[in-house]
$ cat input35.pdb   # PDB, C-alpha atoms, pLDDT in the B column
ATOM      1  CA  LEU E   1      83.389  91.106  85.626  1.00 86.00           C
ATOM      2  CA  LYS E   2      80.439  90.223  87.878  1.00 87.00           C
ATOM      3  CA  ASP E   3      77.653  89.586  85.372  1.00 88.00           C
ATOM      4  CA  PRO E   4      78.310  88.717  81.703  1.00 87.00           C
ATOM      5  CA  PRO E   5      76.774  90.643  78.794  1.00 88.00           C
ATOM      6  CA  GLU E   6      73.417  89.478  77.490  1.00 86.00           C
ATOM      7  CA  ARG E   7      75.102  88.661  74.168  1.00 86.00           C
ATOM      8  CA  THR E   8      78.609  88.844  72.761  1.00 88.00           C
ATOM      9  CA  PHE E   9      80.002  89.757  69.359  1.00 86.00           C
ATOM     10  CA  PRO E  10      83.471  90.417  67.875  1.00 83.00           C
ATOM     11  CA  GLY E  11      84.859  93.725  69.113  1.00 81.00           C
ATOM     12  CA  ILE E  12      82.620  93.961  72.182  1.00 85.00           C
ATOM     13  CA  ILE E  13      85.569  94.997  74.391  1.00 85.00           C
ATOM     14  CA  ARG E  14      86.625  97.874  72.089  1.00 81.00           C
ATOM     15  CA  LYS E  15      84.999 100.357  74.453  1.00 81.00           C
ATOM     16  CA  LEU E  16      87.727  99.548  76.961  1.00 84.00           C
ATOM     17  CA  LEU E  17      90.498  99.982  74.392  1.00 78.00           C
ATOM     18  CA  ILE E  18      89.550 103.576  73.549  1.00 78.00           C
ATOM     19  CA  LEU E  19      89.567 104.952  77.092  1.00 83.00           C
ATOM     20  CA  GLY E  20      92.960 106.562  76.493  1.00 78.00           C
ATOM     21  CA  PHE E  21      94.847 105.546  79.654  1.00 83.00           C
ATOM     22  CA  PRO E  22      97.053 102.551  80.572  1.00 81.00           C
ATOM     23  CA  LEU E  23      95.129  99.413  81.469  1.00 84.00           C
ATOM     24  CA  THR E  24      95.477  95.642  81.277  1.00 82.00           C
ATOM     25  CA  ILE E  25      92.611  93.328  80.325  1.00 85.00           C
ATOM     26  CA  SER E  26      93.084  89.783  81.601  1.00 83.00           C
ATOM     27  CA  THR E  27      90.681  87.088  80.416  1.00 85.00           C
ATOM     28  CA  ASN E  28      91.078  83.636  81.979  1.00 85.00           C
ATOM     29  CA  ILE E  29      89.303  80.804  80.138  1.00 87.00           C
ATOM     30  CA  GLU E  30      89.123  77.337  81.668  1.00 87.00           C
ATOM     31  CA  ILE E  31      87.599  74.380  79.787  1.00 89.00           C
ATOM     32  CA  PRO E  32      86.497  71.743  82.334  1.00 88.00           C
ATOM     33  CA  ASP E  33      85.582  68.100  81.744  1.00 89.00           C
ATOM     34  CA  GLN E  34      82.696  68.241  79.270  1.00 89.00           C
ATOM     35  CA  THR E  35      81.225  64.952  80.535  1.00 89.00           C
ATOM     36  CA  LYS E  36      80.602  66.504  83.960  1.00 89.00           C
ATOM     37  CA  ILE E  37      79.151  69.601  82.325  1.00 88.00           C
ATOM     38  CA  LEU E  38      76.743  67.515  80.249  1.00 88.00           C
ATOM     39  CA  ASN E  39      75.631  65.562  83.322  1.00 90.00           C
ATOM     40  CA  HIS E  40      74.960  68.842  85.122  1.00 88.00           C
ATOM     41  CA  TYR E  41      72.970  70.190  82.159  1.00 87.00           C
ATOM     42  CA  GLN E  42      70.947  66.972  81.923  1.00 87.00           C
ATOM     43  CA  LYS E  43      70.048  67.169  85.631  1.00 89.00           C
ATOM     44  CA  SER E  44      69.049  70.818  85.249  1.00 89.00           C
ATOM     45  CA  GLN E  45      67.020  69.968  82.152  1.00 86.00           C
ATOM     46  CA  LYS E  46      65.210  67.235  84.095  1.00 87.00           C
ATOM     47  CA  LYS E  47      64.360  69.744  86.863  1.00 87.00           C
ATOM     48  CA  MET E  48      62.937  72.136  84.292  1.00 88.00           C
ATOM     49  CA  ARG E  49      60.894  69.311  82.788  1.00 86.00           C
ATOM     50  CA  ASN E  50      59.533  68.378  86.224  1.00 86.00           C
ATOM     51  CA  ALA E  51      58.669  72.040  86.857  1.00 86.00           C
ATOM     52  CA  GLN E  52      56.189  71.766  83.986  1.00 86.00           C
ATOM     53  CA  GLU E  53      54.196  69.091  85.829  1.00 85.00           C
ATOM     54  CA  ASP E  54      52.008  69.339  88.917  1.00 79.00           C
ATOM     55  CA  LEU E  55      52.135  66.978  91.930  1.00 77.00           C
ATOM     56  CA  ARG E  56      49.996  64.437  90.074  1.00 79.00           C
ATOM     57  CA  GLY E  57      52.228  64.426  87.028  1.00 79.00           C
ATOM     58  CA  ARG E  58      49.807  66.359  84.872  1.00 83.00           C
ATOM     59  CA  PRO E  59      51.319  68.997  82.557  1.00 83.00           C
ATOM     60  CA  ARG E  60      51.083  72.633  83.595  1.00 83.00           C
ATOM     61  CA  HIS E  61      52.141  75.784  81.804  1.00 85.00           C
ATOM     62  CA  ASP E  62      55.491  77.262  82.877  1.00 84.00           C
ATOM     63  CA  ALA E  63      56.937  79.417  80.098  1.00 87.00           C
ATOM     64  CA  VAL E  64      60.239  80.083  81.906  1.00 87.00           C
ATOM     65  CA  ALA E  65      60.906  76.411  82.641  1.00 86.00           C
ATOM     66  CA  ALA E  66      60.035  75.468  79.053  1.00 87.00           C
ATOM     67  CA  GLN E  67      62.418  78.072  77.650  1.00 87.00           C
ATOM     68  CA  VAL E  68      65.267  77.039  79.976  1.00 86.00           C
ATOM     69  CA  GLU E  69      64.716  73.375  79.109  1.00 87.00           C
ATOM     70  CA  LYS E  70      64.895  74.175  75.406  1.00 89.00           C
ATOM     71  CA  GLU E  71      68.090  76.235  75.816  1.00 86.00           C
ATOM     72  CA  LEU E  72      69.764  73.526  77.890  1.00 86.00           C
ATOM     73  CA  GLY E  73      68.845  70.958  75.250  1.00 87.00           C
ATOM     74  CA  ASP E  74      70.278  73.121  72.463  1.00 88.00           C
ATOM     75  CA  ILE E  75      73.530  73.699  74.375  1.00 85.00           C
ATOM     76  CA  SER E  76      73.878  69.996  75.176  1.00 87.00           C
ATOM     77  CA  SER E  77      73.383  69.130  71.495  1.00 87.00           C
ATOM     78  CA  ARG E  78      76.074  71.616  70.445  1.00 85.00           C
ATOM     79  CA  ILE E  79      78.520  70.235  73.006  1.00 86.00           C
ATOM     80  CA  LEU E  80      77.830  66.644  71.906  1.00 84.00           C
ATOM     81  CA  ALA E  81      78.392  67.685  68.286  1.00 84.00           C
ATOM     82  CA  SER E  82      81.725  69.245  69.328  1.00 81.00           C
ATOM     83  CA  SER E  83      80.720  72.519  67.680  1.00 78.00           C
ATOM     84  CA  THR E  84      81.348  74.339  70.965  1.00 86.00           C
ATOM     85  CA  LYS E  85      82.399  73.672  74.539  1.00 90.00           C
ATOM     86  CA  ALA E  86      81.278  74.886  77.921  1.00 90.00           C
ATOM     87  CA  CYS E  87      83.891  76.885  79.796  1.00 90.00           C
ATOM     88  CA  LYS E  88      84.456  79.128  82.788  1.00 90.00           C
ATOM     89  CA  VAL E  89      85.515  82.726  82.141  1.00 90.00           C
ATOM     90  CA  SER E  90      86.768  85.485  84.401  1.00 87.00           C
ATOM     91  CA  ILE E  91      87.786  88.979  83.306  1.00 87.00           C
ATOM     92  CA  SER E  92      89.870  91.441  85.298  1.00 85.00           C
ATOM     93  CA  VAL E  93      90.820  94.974  84.289  1.00 87.00           C
ATOM     94  CA  ALA E  94      93.869  96.490  85.991  1.00 85.00           C
ATOM     95  CA  PHE E  95      94.725 100.167  85.514  1.00 87.00           C
ATOM     96  CA  ARG E  96      97.091 102.767  86.902  1.00 86.00           C
ATOM     97  CA  THR E  97      97.846 106.474  86.932  1.00 88.00           C
ATOM     98  CA  SER E  98      99.777 108.239  84.184  1.00 83.00           C
ATOM     99  CA  PHE E  99     102.375 109.594  86.612  1.00 85.00           C
ATOM    100  CA  GLN E 100     104.327 108.558  89.689  1.00 87.00           C
ATOM    101  CA  ALA E 101     103.211 109.966  93.041  1.00 89.00           C
ATOM    102  CA  ASN E 102     106.051 111.030  95.367  1.00 90.00           C
ATOM    103  CA  THR E 103     104.474 113.760  97.517  1.00 92.00           C
ATOM    104  CA  THR E 104     101.253 114.007  99.495  1.00 92.00           C
ATOM    105  CA  ALA E 105      99.742 116.360  96.916  1.00 92.00           C
ATOM    106  CA  GLU E 106     100.686 114.015  94.071  1.00 92.00           C
ATOM    107  CA  PHE E 107      99.279 111.062  96.003  1.00 92.00           C
ATOM    108  CA  GLU E 108      95.933 112.820  96.473  1.00 93.00           C
ATOM    109  CA  LYS E 109      95.864 113.697  92.773  1.00 93.00           C
ATOM    110  CA  ALA E 110      96.675 110.076  91.915  1.00 92.00           C
ATOM    111  CA  GLU E 111      93.834 108.809  94.120  1.00 92.00           C
ATOM    112  CA  GLN E 112      91.431 111.155  92.358  1.00 93.00           C
ATOM    113  CA  GLN E 113      92.642 110.029  88.955  1.00 93.00           C
ATOM    114  CA  LEU E 114      92.251 106.358  89.915  1.00 91.00           C
ATOM    115  CA  ALA E 115      88.694 106.987  91.135  1.00 91.00           C
ATOM    116  CA  GLU E 116      87.788 108.725  87.867  1.00 93.00           C
ATOM    117  CA  ARG E 117      89.297 105.946  85.763  1.00 92.00           C
ATOM    118  CA  ARG E 118      87.553 103.287  87.843  1.00 91.00           C
ATOM    119  CA  GLN E 119      84.206 104.923  87.064  1.00 92.00           C
ATOM    120  CA  GLN E 120      85.099 105.178  83.368  1.00 91.00           C
ATOM    121  CA  ILE E 121      85.867 101.460  83.239  1.00 91.00           C
ATOM    122  CA  ILE E 122      82.663 100.514  85.076  1.00 91.00           C
ATOM    123  CA  HIS E 123      80.623 102.751  82.746  1.00 90.00           C
ATOM    124  CA  SER E 124      82.324 101.333  79.631  1.00 89.00           C
ATOM    125  CA  MET E 125      81.709  97.753  80.746  1.00 88.00           C
ATOM    126  CA  SER E 126      78.051  98.483  81.525  1.00 88.00           C
ATOM    127  CA  ALA E 127      77.743  99.699  77.918  1.00 86.00           C
ATOM    128  CA  MET E 128      78.952  96.259  76.731  1.00 84.00           C
ATOM    129  CA  ASP E 129      75.404  94.928  76.387  1.00 83.00           C
ATOM    130  CA  ARG E 130      74.534  95.418  80.070  1.00 81.00           C
ATOM    131  CA  CYS E 131      77.359  93.487  81.707  1.00 87.00           C
ATOM    132  CA  VAL E 132      78.229  94.443  85.290  1.00 88.00           C
ATOM    133  CA  ALA E 133      81.684  95.288  86.642  1.00 88.00           C
ATOM    134  CA  LEU E 134      82.519  95.110  90.331  1.00 84.00           C
ATOM    135  CA  PRO E 135      85.383  97.106  91.937  1.00 86.00           C
ATOM    136  CA  LYS E 136      87.371  95.029  94.418  1.00 79.00           C
ATOM    137  CA  SER E 137      88.775  95.762  97.860  1.00 73.00           C
ATOM    138  CA  MET E 138      92.490  96.391  98.400  1.00 70.00           C
ATOM    139  CA  ALA E 139      93.268  92.792  99.436  1.00 69.00           C
ATOM    140  CA  ALA E 140      91.375  91.352  96.479  1.00 75.00           C
ATOM    141  CA  GLN E 141      92.948  93.929  94.154  1.00 75.00           C
ATOM    142  CA  LEU E 142      96.440  92.660  94.966  1.00 77.00           C
ATOM    143  CA  ARG E 143      95.469  89.027  94.366  1.00 77.00           C
ATOM    144  CA  MET E 144      93.672  89.800  91.115  1.00 75.00           C
ATOM    145  CA  PHE E 145      96.478  92.108  89.968  1.00 76.00           C
ATOM    146  CA  ILE E 146      98.922  89.218  90.337  1.00 78.00           C
ATOM    147  CA  ASP E 147      96.506  87.087  88.298  1.00 74.00           C
ATOM    148  CA  THR E 148      96.800  89.573  85.409  1.00 71.00           C
ATOM    149  CA  LEU E 149     100.581  89.157  85.189  1.00 76.00           C
ATOM    150  CA  PRO E 150     101.919  86.884  82.389  1.00 72.00           C
ATOM    151  CA  GLY E 151     101.911  83.221  83.352  1.00 74.00           C
ATOM    152  CA  LEU E 152     100.325  83.799  86.774  1.00 71.00           C
ATOM    153  CA  ALA E 153      96.650  83.300  85.959  1.00 68.00           C
ATOM    154  CA  SER E 154      94.716  81.366  88.584  1.00 71.00           C
ATOM    155  CA  LYS E 155      91.148  80.867  89.754  1.00 72.00           C
ATOM    156  CA  ASN E 156      89.786  84.069  91.293  1.00 71.00           C
ATOM    157  CA  LYS E 157      86.318  82.856  92.383  1.00 74.00           C
ATOM    158  CA  ARG E 158      84.725  85.110  89.760  1.00 79.00           C
ATOM    159  CA  GLU E 159      84.389  82.476  87.024  1.00 86.00           C
ATOM    160  CA  ILE E 160      81.243  82.689  84.884  1.00 88.00           C
ATOM    161  CA  ASP E 161      79.775  79.739  82.954  1.00 88.00           C
ATOM    162  CA  MET E 162      79.860  80.460  79.242  1.00 88.00           C
ATOM    163  CA  LEU E 163      80.270  78.819  75.841  1.00 90.00           C
ATOM    164  CA  THR E 164      83.625  79.053  74.085  1.00 90.00           C
ATOM    165  CA  ALA E 165      82.020  80.892  71.157  1.00 87.00           C
ATOM    166  CA  ASN E 166      81.052  83.715  73.530  1.00 89.00           C
ATOM    167  CA  ALA E 167      84.283  83.551  75.540  1.00 90.00           C
ATOM    168  CA  ALA E 168      86.328  84.099  72.370  1.00 89.00           C
ATOM    169  CA  ASN E 169      84.636  87.479  71.883  1.00 89.00           C
ATOM    170  CA  LEU E 170      85.746  88.547  75.369  1.00 87.00           C
ATOM    171  CA  ALA E 171      89.394  87.620  74.848  1.00 85.00           C
ATOM    172  CA  PRO E 172      91.572  90.756  74.333  1.00 82.00           C
ATOM    173  CA  VAL E 173      93.180  89.576  71.096  1.00 76.00           C
ATOM    174  CA  GLU E 174      92.176  92.562  68.973  1.00 69.00           C
ATOM    175  CA  MET E 175      94.507  95.539  69.229  1.00 68.00           C
ATOM    176  CA  PRO E 176      94.693  98.817  67.264  1.00 69.00           C
ATOM    177  CA  TRP E 177      97.189  98.997  64.402  1.00 78.00           C
ATOM    178  CA  GLN E 178     100.393 100.709  65.520  1.00 82.00           C
ATOM    179  CA  GLY E 179     101.180 102.250  62.113  1.00 88.00           C
ATOM    180  CA  THR E 180     104.794 102.652  60.955  1.00 90.00           C
ATOM    181  CA  PRO E 181     106.601 104.096  64.004  1.00 89.00           C
ATOM    182  CA  GLN E 182     110.004 103.711  62.330  1.00 89.00           C
ATOM    183  CA  THR E 183     109.017 106.144  59.562  1.00 88.00           C
ATOM    184  CA  PRO E 184     106.499 108.655  60.992  1.00 89.00           C
ATOM    185  CA  GLN E 185     106.054 110.616  57.775  1.00 89.00           C
ATOM    186  CA  MET E 186     102.466 111.687  58.572  1.00 91.00           C
ATOM    187  CA  LEU E 187      99.967 111.250  61.401  1.00 91.00           C
ATOM    188  CA  PHE E 188      96.424 109.949  61.297  1.00 89.00           C
ATOM    189  CA  THR E 189      93.824 109.377  64.018  1.00 83.00           C
ATOM    190  CA  ASP E 190      92.222 105.960  64.392  1.00 75.00           C
ATOM    191  CA  PRO E 191      88.693 105.132  65.654  1.00 65.00           C
ATOM    192  CA  TYR E 192      90.173 104.929  69.164  1.00 61.00           C
ATOM    193  CA  ARG E 193      91.257 108.600  68.983  1.00 68.00           C
ATOM    194  CA  GLN E 194      94.938 107.635  68.975  1.00 74.00           C
ATOM    195  CA  LEU E 195      97.590 109.115  66.680  1.00 85.00           C
ATOM    196  CA  ILE E 196      99.082 106.646  64.185  1.00 89.00           C
ATOM    197  CA  PRO E 197     102.331 107.392  62.312  1.00 92.00           C
ATOM    198  CA  TYR E 198     102.214 106.270  58.702  1.00 91.00           C
ATOM    199  CA  SER E 199     104.452 106.204  55.650  1.00 90.00           C
ATOM    200  CA  PRO E 200     103.637 104.384  52.401  1.00 88.00           C
ATOM    201  CA  PHE E 201     107.386 103.946  51.898  1.00 88.00           C
ATOM    202  CA  ASP E 202     108.049 102.079  55.151  1.00 89.00           C
ATOM    203  CA  ALA E 203     110.269  98.997  54.808  1.00 87.00           C
ATOM    204  CA  SER E 204     107.535  96.796  56.301  1.00 86.00           C
ATOM    205  CA  HIS E 205     105.373  97.329  53.192  1.00 86.00           C
ATOM    206  CA  GLU E 206     105.837  95.194  50.092  1.00 86.00           C
ATOM    207  CA  ASN E 207     105.333  98.287  47.918  1.00 85.00           C
ATOM    208  CA  ALA E 208     104.233 101.919  48.179  1.00 82.00           C
ATOM    209  CA  ASN E 209     100.760 101.396  46.729  1.00 86.00           C
ATOM    210  CA  ALA E 210      97.725 102.312  48.813  1.00 85.00           C
ATOM    211  CA  ILE E 211      93.965 102.286  48.408  1.00 89.00           C
ATOM    212  CA  ILE E 212      91.746 105.024  49.848  1.00 90.00           C
ATOM    213  CA  SER E 213      88.104 104.001  49.992  1.00 88.00           C
ATOM    214  CA  ALA E 214      85.217 106.102  51.279  1.00 86.00           C
ATOM    215  CA  ALA E 215      81.790 107.385  50.310  1.00 88.00           C
ATOM    216  CA  SER E 216      81.439 110.033  47.613  1.00 90.00           C
ATOM    217  CA  GLY E 217      82.103 113.536  48.903  1.00 90.00           C
ATOM    218  CA  SER E 218      83.826 112.385  52.102  1.00 89.00           C
ATOM    219  CA  GLY E 219      87.168 114.013  51.204  1.00 91.00           C
ATOM    220  CA  LYS E 220      89.268 111.353  49.465  1.00 91.00           C
ATOM    221  CA  SER E 221      90.813 113.840  47.017  1.00 92.00           C
ATOM    222  CA  MET E 222      91.563 116.295  49.806  1.00 93.00           C
ATOM    223  CA  LEU E 223      93.261 113.565  51.811  1.00 92.00           C
ATOM    224  CA  VAL E 224      95.438 112.541  48.869  1.00 92.00           C
ATOM    225  CA  GLN E 225      96.458 116.176  48.323  1.00 92.00           C
ATOM    226  CA  GLN E 226      97.410 116.517  51.978  1.00 91.00           C
ATOM    227  CA  MET E 227      99.434 113.304  51.858  1.00 90.00           C
ATOM    228  CA  LEU E 228     101.284 114.454  48.719  1.00 90.00           C
ATOM    229  CA  MET E 229     101.927 117.867  50.279  1.00 91.00           C
ATOM    230  CA  THR E 230     103.308 116.256  53.442  1.00 90.00           C
ATOM    231  CA  ALA E 231     105.587 113.987  51.412  1.00 88.00           C
ATOM    232  CA  ALA E 232     106.764 116.923  49.250  1.00 89.00           C
ATOM    233  CA  ARG E 233     107.688 119.001  52.283  1.00 89.00           C
ATOM    234  CA  GLN E 234     109.934 116.141  53.396  1.00 87.00           C
ATOM    235  CA  ASN E 235     111.477 115.779  49.924  1.00 85.00           C
ATOM    236  CA  VAL E 236     110.111 112.276  49.534  1.00 78.00           C
TER     237      VAL E 236
END
$ encode --input "input35.pdb" --output "structure tokens"
Amino acid sequence: LKDPPERTFPGIIRKLLILGFPLTISTNIEIPDQTKILNHYQKSQKKMRNAQEDLRGRPRHDAVAAQVEKELGDISSRILASSTKACKVSISVAFRTSFQANTTAEFEKAEQQLAERRQQIIHSMSAMDRCVALPKSMAAQLRMFIDTLPGLASKNKREIDMLTANAANLAPVEMPWQGTPQTPQMLFTDPYRQLIPYSPFDASHENANAIISAASGSGKSMLVQQMLMTAARQNV
């Protein structure tokens, strides 16, 4: 991630989860000493205040400096109130092919597939409220790939200043429901276009009750009939 999105919200990284090929999203969040952060903000706020005065100390209109000063003051107040913290965030997305390349022809096909998937990831990230993704060179790819492995996170010189409230929305903690793979009685598609096996009689459920909720005329009765038909064909 080169430039962060203009705003964040829960589920902002879902566009990456529905691409339909293997990838790893690694979000590193570092919370530095907040005293140093506050001192830095106060110095920046003072510069913005000085930018609104001329050489003789008389006030002059500078809308940008006034807005930045106000934002820095609001952030400093939130940090002092312990309602949020300033942090440094870096996001890396590692991906691979869906097959192993052993021959020259397979290698060329793999390179083409990687190029296509790289563009899909860059396009999906640009749709995340105008954030910017940057593909890395081979040497940097190896270093950043190692950073995505469990327990091996380290500084990658791509850290972005952010508040923890925004960083939490970029953490890949939301994953699609996997269904009941032990009892694949019927299949459904989720919003990510993935097939989910489901059985109301799976041992992981407390009981076999289910609620189907949707707008009038959307096909609830038809769905129930299909579910009963599927169960009947399996003598359930």
$ resolve_selection --input "input35.pdb" --expression "the PyMOL selection byres ((chain E and resi 212) around 10)" --output "MDAnalysis selection string"
chainID E and resid 210:211 213:214 220:221 223:224
$ write_last_selection --input "input35.pdb" --atoms "C-alpha atoms" --output "compact mmCIF listing (two decimals), in the frame of the given file"
# COMPACT_ATOMS: atom_id res chain seq x y z
CA ALA E 210 97.72 102.31 48.81
CA ILE E 211 93.96 102.29 48.41
CA SER E 213 88.10 104.00 49.99
CA ALA E 214 85.22 106.10 51.28
CA LYS E 220 89.27 111.35 49.46
CA SER E 221 90.81 113.84 47.02
CA LEU E 223 93.26 113.56 51.81
CA VAL E 224 95.44 112.54 48.87
$ residues_around --input "input35.pdb" --residues "Lys46 in chain E" --least-positions-apart "3" --cutoff "12 Å" --atoms "only C-alpha atoms" --output "PyMOL selection string"
chain E and resi 39-43+49-53+65-66+68-70+72-73
$ atom_distance --input "input35.pdb" --atom1 "CA of Lys15 in chain E" --atom2 "CA of Ile31 in chain E"
26.6 Å
$ resolve_selection --input "input35.pdb" --expression "the PyMOL selection byres ((chain E and resi 230) around 12)" --output "PyMOL selection string"
chain E and resi 184-187+198-200+223-229+231-236
$ residues_near_point --input "input35.pdb" --point "(83.3, 75.2, 75.8)" --cutoff "6 Å" --atoms "only C-alpha atoms" --output "ChimeraX atom specification"
/E:31,84-87,163-164
$ residues_around --input "input35.pdb" --residues "His123 in chain E" --least-positions-apart "2" --cutoff "12 Å" --atoms "only C-alpha atoms" --output "number ranges by chain"
E: 15-16, 19, 116-121, 125-135
$ axis_aligned_box --input "input35.pdb" --around "range 30-43 of chain E" --padding-each-side "4 Å" --output "JSON"
{"center_x": 79.6, "center_y": 71.1, "center_z": 82.5, "size_x": 27.1, "size_y": 20.4, "size_z": 14.4}
$ closest_residue --input "input35.pdb" --among "E:Thr35, E:Gln194, E:Asn102, E:Asn209" --to "Trp177 in chain E" --atoms "all atoms listed in the file"
E:Gln194
